[in-house]
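Q: PDB, C-alpha atoms, pLDDT in the B column, saved as run.pdb, coming up:
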```pdb
ATOM      1  CA  MET A  95     -16.612   6.157   8.950  1.00 86.00           C
ATOM      2  CA  PRO A  96     -14.404   4.550   6.322  1.00 94.00           C
ATOM      3  CA  THR A  97     -11.940   6.725   4.423  1.00 96.00           C
ATOM      4  CA  ILE A  98     -10.758   6.402   0.827  1.00 97.00           C
ATOM      5  CA  VAL A  99      -7.204   7.661   0.273  1.00 97.00           C
ATOM      6  CA  VAL A 100      -6.320   8.975  -3.190  1.00 98.00           C
ATOM      7  CA  ASP A 101      -2.641   9.526  -4.005  1.00 98.00           C
ATOM      8  CA  VAL A 102      -1.848  11.892  -6.873  1.00 98.00           C
ATOM      9  CA  MET A 103       1.717  12.493  -8.128  1.00 97.00           C
ATOM     10  CA  PRO A 104       3.175  14.695 -10.863  1.00 96.00           C
ATOM     11  CA  LYS A 105       3.809  12.715 -14.059  1.00 96.00           C
ATOM     12  CA  ALA A 106       7.262  11.124 -13.851  1.00 92.00           C
ATOM     13  CA  GLU A 107       8.452  12.623 -17.140  1.00 92.00           C
ATOM     14  CA  LEU A 108       7.585  16.188 -16.096  1.00 92.00           C
ATOM     15  CA  LEU A 109       9.905  18.562 -14.233  1.00 90.00           C
ATOM     16  CA  ASP A 110       8.854  18.878 -10.571  1.00 90.00           C
ATOM     17  CA  PRO A 111      10.272  22.275  -9.581  1.00 93.00           C
ATOM     18  CA  GLN A 112       8.979  21.986  -6.023  1.00 93.00           C
ATOM     19  CA  GLY A 113      10.602  18.575  -5.671  1.00 94.00           C
ATOM     20  CA  LYS A 114      13.861  19.871  -7.176  1.00 94.00           C
ATOM     21  CA  ALA A 115      13.954  22.756  -4.710  1.00 95.00           C
ATOM     22  CA  VAL A 116      13.440  20.414  -1.746  1.00 95.00           C
ATOM     23  CA  THR A 117      16.097  18.045  -3.099  1.00 95.00           C
ATOM     24  CA  GLY A 118      18.582  20.909  -3.162  1.00 94.00           C
ATOM     25  CA  SER A 119      17.668  22.049   0.353  1.00 95.00           C
ATOM     26  CA  LEU A 120      18.001  18.549   1.790  1.00 95.00           C
ATOM     27  CA  ALA A 121      21.485  18.247   0.270  1.00 94.00           C
ATOM     28  CA  ARG A 122      22.534  21.636   1.702  1.00 95.00           C
ATOM     29  CA  LEU A 123      21.173  20.580   5.125  1.00 95.00           C
ATOM     30  CA  GLY A 124      23.335  17.473   5.054  1.00 93.00           C
ATOM     31  CA  HIS A 125      20.678  14.980   3.985  1.00 93.00           C
ATOM     32  CA  GLY A 126      22.277  14.009   0.689  1.00 89.00           C
ATOM     33  CA  ALA A 127      21.078  10.388   1.052  1.00 91.00           C
ATOM     34  CA  PHE A 128      17.777  11.462  -0.475  1.00 92.00           C
ATOM     35  CA  GLN A 129      17.768  12.303  -4.167  1.00 87.00           C
ATOM     36  CA  ASN A 130      15.026  13.130  -6.576  1.00 91.00           C
ATOM     37  CA  VAL A 131      12.328  14.318  -4.167  1.00 95.00           C
ATOM     38  CA  ARG A 132       8.855  14.415  -5.761  1.00 96.00           C
ATOM     39  CA  ILE A 133       5.859  16.027  -4.083  1.00 96.00           C
ATOM     40  CA  GLY A 134       2.230  15.119  -4.775  1.00 97.00           C
ATOM     41  CA  LYS A 135      -1.146  15.168  -3.045  1.00 97.00           C
ATOM     42  CA  ARG A 136      -2.677  12.752  -0.555  1.00 98.00           C
ATOM     43  CA  ILE A 137      -6.446  13.218  -0.461  1.00 97.00           C
ATOM     44  CA  GLU A 138      -8.720  11.610   2.114  1.00 97.00           C
ATOM     45  CA  LEU A 139     -12.424  11.170   1.267  1.00 96.00           C
ATOM     46  CA  THR A 140     -14.624  10.190   4.198  1.00 95.00           C
ATOM     47  CA  VAL A 141     -17.564   8.002   3.161  1.00 94.00           C
ATOM     48  CA  GLU A 142     -20.879   7.682   5.042  1.00 87.00           C
ATOM     49  CA  GLY A 143     -21.767   3.992   5.350  1.00 88.00           C
ATOM     50  CA  GLU A 144     -20.054   1.134   3.573  1.00 90.00           C
ATOM     51  CA  VAL A 145     -17.563   1.465   0.702  1.00 93.00           C
ATOM     52  CA  THR A 146     -19.328  -0.527  -2.030  1.00 94.00           C
ATOM     53  CA  ASP A 147     -17.900  -1.206  -5.508  1.00 94.00           C
ATOM     54  CA  GLU A 148     -20.069   1.626  -6.810  1.00 95.00           C
ATOM     55  CA  VAL A 149     -18.631   4.068  -4.269  1.00 95.00           C
ATOM     56  CA  LEU A 150     -15.092   2.950  -5.141  1.00 95.00           C
ATOM     57  CA  ALA A 151     -15.802   3.354  -8.861  1.00 96.00           C
ATOM     58  CA  GLU A 152     -17.166   6.835  -8.146  1.00 95.00           C
ATOM     59  CA  ALA A 153     -14.013   7.620  -6.161  1.00 96.00           C
ATOM     60  CA  ARG A 154     -11.915   6.574  -9.178  1.00 97.00           C
ATOM     61  CA  THR A 155     -13.968   8.883 -11.436  1.00 96.00           C
ATOM     62  CA  VAL A 156     -13.704  11.782  -8.985  1.00 96.00           C
ATOM     63  CA  ALA A 157      -9.948  11.165  -8.648  1.00 97.00           C
ATOM     64  CA  ASP A 158      -9.361  11.100 -12.388  1.00 97.00           C
ATOM     65  CA  GLU A 159     -11.660  13.973 -13.351  1.00 95.00           C
ATOM     66  CA  ILE A 160     -11.723  16.376 -10.380  1.00 95.00           C
ATOM     67  CA  LEU A 161      -8.950  15.690  -7.869  1.00 96.00           C
ATOM     68  CA  SER A 162      -6.136  15.451 -10.427  1.00 97.00           C
ATOM     69  CA  ASN A 163      -5.092  17.217 -13.615  1.00 96.00           C
ATOM     70  CA  ALA A 164      -4.680  14.433 -16.180  1.00 95.00           C
ATOM     71  CA  VAL A 165      -2.273  16.561 -18.231  1.00 95.00           C
ATOM     72  CA  ILE A 166       0.396  16.838 -15.529  1.00 95.00           C
ATOM     73  CA  GLU A 167      -0.577  14.338 -12.836  1.00 96.00           C
ATOM     74  CA  ASP A 168      -1.225  10.612 -12.371  1.00 97.00           C
ATOM     75  CA  VAL A 169      -3.526   8.992  -9.806  1.00 98.00           C
ATOM     76  CA  VAL A 170      -1.020   6.480  -8.436  1.00 96.00           C
ATOM     77  CA  ASN A 171      -3.122   4.822  -5.751  1.00 96.00           C
ATOM     78  CA  ILE A 172      -6.676   4.561  -4.394  1.00 97.00           C
ATOM     79  CA  GLU A 173      -7.235   2.527  -1.246  1.00 95.00           C
ATOM     80  CA  VAL A 174      -9.837   2.159   1.497  1.00 95.00           C
ATOM     81  CA  VAL A 175      -8.558   2.870   5.003  1.00 92.00           C
ATOM     82  CA  GLU A 176     -10.870   1.915   7.867  1.00 76.00           C
TER      83      GLU A 176
ATOM     84  CA  MET B 266      16.412   2.675  -6.629  1.00 86.00           C
ATOM     85  CA  PRO B 267      14.166   2.262  -3.582  1.00 94.00           C
ATOM     86  CA  THR B 268      11.762   5.057  -2.712  1.00 96.00           C
ATOM     87  CA  ILE B 269      10.578   6.182   0.722  1.00 97.00           C
ATOM     88  CA  VAL B 270       7.058   7.624   0.731  1.00 97.00           C
ATOM     89  CA  VAL B 271       6.204  10.199   3.405  1.00 98.00           C
ATOM     90  CA  ASP B 272       2.547  11.083   3.930  1.00 98.00           C
ATOM     91  CA  VAL B 273       1.807  14.404   5.644  1.00 98.00           C
ATOM     92  CA  MET B 274      -1.734  15.498   6.547  1.00 97.00           C
ATOM     93  CA  PRO B 275      -3.159  18.617   8.217  1.00 95.00           C
ATOM     94  CA  LYS B 276      -3.813  18.052  11.920  1.00 96.00           C
ATOM     95  CA  ALA B 277      -7.293  16.574  12.344  1.00 92.00           C
ATOM     96  CA  GLU B 278      -8.441  19.257  14.762  1.00 92.00           C
ATOM     97  CA  LEU B 279      -7.513  22.109  12.412  1.00 92.00           C
ATOM     98  CA  LEU B 280      -9.796  23.614   9.771  1.00 89.00           C
ATOM     99  CA  ASP B 281      -8.746  22.457   6.279  1.00 90.00           C
ATOM    100  CA  PRO B 282     -10.097  25.225   4.039  1.00 93.00           C
ATOM    101  CA  GLN B 283      -8.832  23.553   0.879  1.00 93.00           C
ATOM    102  CA  GLY B 284     -10.519  20.308   1.876  1.00 94.00           C
ATOM    103  CA  LYS B 285     -13.753  22.141   2.745  1.00 94.00           C
ATOM    104  CA  ALA B 286     -13.790  23.839  -0.647  1.00 95.00           C
ATOM    105  CA  VAL B 287     -13.343  20.521  -2.454  1.00 95.00           C
ATOM    106  CA  THR B 288     -16.032  18.912  -0.296  1.00 94.00           C
ATOM    107  CA  GLY B 289     -18.478  21.617  -1.371  1.00 94.00           C
ATOM    108  CA  SER B 290     -17.543  21.286  -5.040  1.00 95.00           C
ATOM    109  CA  LEU B 291     -17.950  17.513  -4.998  1.00 95.00           C
ATOM    110  CA  ALA B 292     -21.433  17.886  -3.500  1.00 94.00           C
ATOM    111  CA  ARG B 293     -22.417  20.456  -6.145  1.00 95.00           C
ATOM    112  CA  LEU B 294     -21.094  18.142  -8.879  1.00 94.00           C
ATOM    113  CA  GLY B 295     -23.309  15.337  -7.620  1.00 93.00           C
ATOM    114  CA  HIS B 296     -20.700  13.408  -5.654  1.00 93.00           C
ATOM    115  CA  GLY B 297     -22.304  13.834  -2.230  1.00 89.00           C
ATOM    116  CA  ALA B 298     -21.168  10.343  -1.171  1.00 91.00           C
ATOM    117  CA  PHE B 299     -17.839  11.865  -0.172  1.00 92.00           C
ATOM    118  CA  GLN B 300     -17.817  14.070   2.908  1.00 87.00           C
ATOM    119  CA  ASN B 301     -15.039  15.722   4.816  1.00 91.00           C
ATOM    120  CA  VAL B 302     -12.333  15.831   2.139  1.00 95.00           C
ATOM    121  CA  ARG B 303      -8.840  16.479   3.581  1.00 96.00           C
ATOM    122  CA  ILE B 304      -5.828  17.255   1.437  1.00 96.00           C
ATOM    123  CA  GLY B 305      -2.217  16.632   2.436  1.00 97.00           C
ATOM    124  CA  LYS B 306       1.158  15.942   0.830  1.00 97.00           C
ATOM    125  CA  ARG B 307       2.629  12.719  -0.510  1.00 98.00           C
ATOM    126  CA  ILE B 308       6.409  13.041  -0.773  1.00 97.00           C
ATOM    127  CA  GLU B 309       8.651  10.512  -2.505  1.00 97.00           C
ATOM    128  CA  LEU B 310      12.332  10.376  -1.540  1.00 96.00           C
ATOM    129  CA  THR B 311      14.502   8.281  -3.850  1.00 95.00           C
ATOM    130  CA  VAL B 312      17.409   6.610  -2.028  1.00 94.00           C
ATOM    131  CA  GLU B 313      20.713   5.523  -3.631  1.00 88.00           C
ATOM    132  CA  GLY B 314      21.527   1.985  -2.486  1.00 88.00           C
ATOM    133  CA  GLU B 315      19.771   0.073   0.258  1.00 90.00           C
ATOM    134  CA  VAL B 316      17.299   1.551   2.778  1.00 93.00           C
ATOM    135  CA  THR B 317      19.034   0.745   6.077  1.00 94.00           C
ATOM    136  CA  ASP B 318      17.607   1.509   9.537  1.00 94.00           C
ATOM    137  CA  GLU B 319      19.828   4.586   9.648  1.00 95.00           C
ATOM    138  CA  VAL B 320      18.426   5.874   6.347  1.00 95.00           C
ATOM    139  CA  LEU B 321      14.869   5.237   7.563  1.00 95.00           C
ATOM    140  CA  ALA B 322      15.596   7.050  10.837  1.00 96.00           C
ATOM    141  CA  GLU B 323      17.027   9.960   8.834  1.00 95.00           C
ATOM    142  CA  ALA B 324      13.883   9.974   6.682  1.00 96.00           C
ATOM    143  CA  ARG B 325      11.782  10.212   9.867  1.00 97.00           C
ATOM    144  CA  THR B 326      13.877  13.191  11.058  1.00 96.00           C
ATOM    145  CA  VAL B 327      13.663  14.901   7.663  1.00 96.00           C
ATOM    146  CA  ALA B 328       9.901  14.281   7.575  1.00 97.00           C
ATOM    147  CA  ASP B 329       9.326  15.683  11.060  1.00 97.00           C
ATOM    148  CA  GLU B 330      11.689  18.658  10.834  1.00 95.00           C
ATOM    149  CA  ILE B 331      11.785  19.713   7.165  1.00 95.00           C
ATOM    150  CA  LEU B 332       8.982  18.147   5.107  1.00 96.00           C
ATOM    151  CA  SER B 333       6.174  18.979   7.539  1.00 97.00           C
ATOM    152  CA  ASN B 334       5.169  21.865   9.784  1.00 96.00           C
ATOM    153  CA  ALA B 335       4.721  20.309  13.220  1.00 95.00           C
ATOM    154  CA  VAL B 336       2.361  23.114  14.281  1.00 95.00           C
ATOM    155  CA  ILE B 337      -0.306  22.357  11.676  1.00 95.00           C
ATOM    156  CA  GLU B 338       0.609  18.989  10.169  1.00 96.00           C
ATOM    157  CA  ASP B 339       1.182  15.365  11.195  1.00 97.00           C
ATOM    158  CA  VAL B 340       3.453  12.842   9.471  1.00 98.00           C
ATOM    159  CA  VAL B 341       0.890  10.029   9.194  1.00 96.00           C
ATOM    160  CA  ASN B 342       2.950   7.425   7.373  1.00 96.00           C
ATOM    161  CA  ILE B 343       6.482   6.596   6.238  1.00 97.00           C
ATOM    162  CA  GLU B 344       7.008   3.476   4.125  1.00 95.00           C
ATOM    163  CA  VAL B 345       9.580   2.021   1.742  1.00 95.00           C
ATOM    164  CA  VAL B 346       8.302   1.335  -1.766  1.00 92.00           C
ATOM    165  CA  GLU B 347      10.591  -0.676  -4.037  1.00 75.00           C
TER     166      GLU B 347
END
```
Can you give me the file's structure in the form of structure tokens?

A:
Amino acid sequence: MPTIVVDVMPKAELLDPQGKAVTGSLARLGHGAFQNVRIGKRIELTVEGEVTDEVLAEARTVADEILSNAVIEDVVNIEVVE
Amino acid sequence: MPTIVVDVMPKAELLDPQGKAVTGSLARLGHGAFQNVRIGKRIELTVEGEVTDEVLAEARTVADEILSNAVIEDVVNIEVVE
């Protein structure tokens, strides 16, 4: 069954405390090459049958209204993965 | 600065209670087209300078050892995003 992947990230202008904490830990563990870690959600929606334009539009609505908090998050990507 | 995106998902064979709860809510809200919702992490690592093979290998190590719990999660994707 096809899967729709929805990627949700914290808004760029907002502080990401979780990301900041991981950034600090990576530096302390000797992985200073990576700065500014940001952590979001990757949501997989399995679809019965074919992914039509209607289903994709519904996925966009669900992503914007239910799977993300529009005040603090952005839906950065929606793609169909076979 | 280039960004490396690491996608981490719960292991397929494990129960994903968070995903199950969202699946139920979507059905109740009239979005029954989406079954078997699974929720994982999307982590962005910003890299200073160029993403060399060494940096990518280090990102793989960091993803496997620090950013994911190998007992319950799989690193499903690592990609460079300009």

Q: Nearest to chain A: which of B:Val340, B:Leu280, B:Ile304, B:Ala322 is it, counting only C-alpha atoms?

A: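 When distances to chain A are compared using only C-alpha atoms, the smallest one comes from B:Ile304.
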
Q: Translate the PyMOL selection byres ((chain A) within 8 of (chain B)), as applied to the file shown, into an explicit residue set as a count of residues only.

A: 23

Q: List the spatial neighbours of Asp339 of chain B as a list of chain:residue names - criterion: any atom at most 8 Å away, all atoms listed in the file, same-chain residues fewer than 4 positions off excluded.

A: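 The contact residues come out as B:Val273, B:Met274, B:Pro275, B:Lys276, B:Ser333, B:Asn334, B:Ala335.
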
Q: As JSON, please: the centre and edge lengths in Å, to one decimal, of an axis-aligned box enclosing every listed atom of segment 302-309 of chain B with 3 Å added on each side.

A:
```
{"center_x": -1.8, "center_y": 13.9, "center_z": 0.5, "size_x": 27.0, "size_y": 12.7, "size_z": 12.1}
```

Q: Between atom CA of Glu338 of chain B and atom CA of Arg325 of chain B, what is the distance, to one decimal in Å?

A: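 Distance between the two atoms: 14.2 Å.
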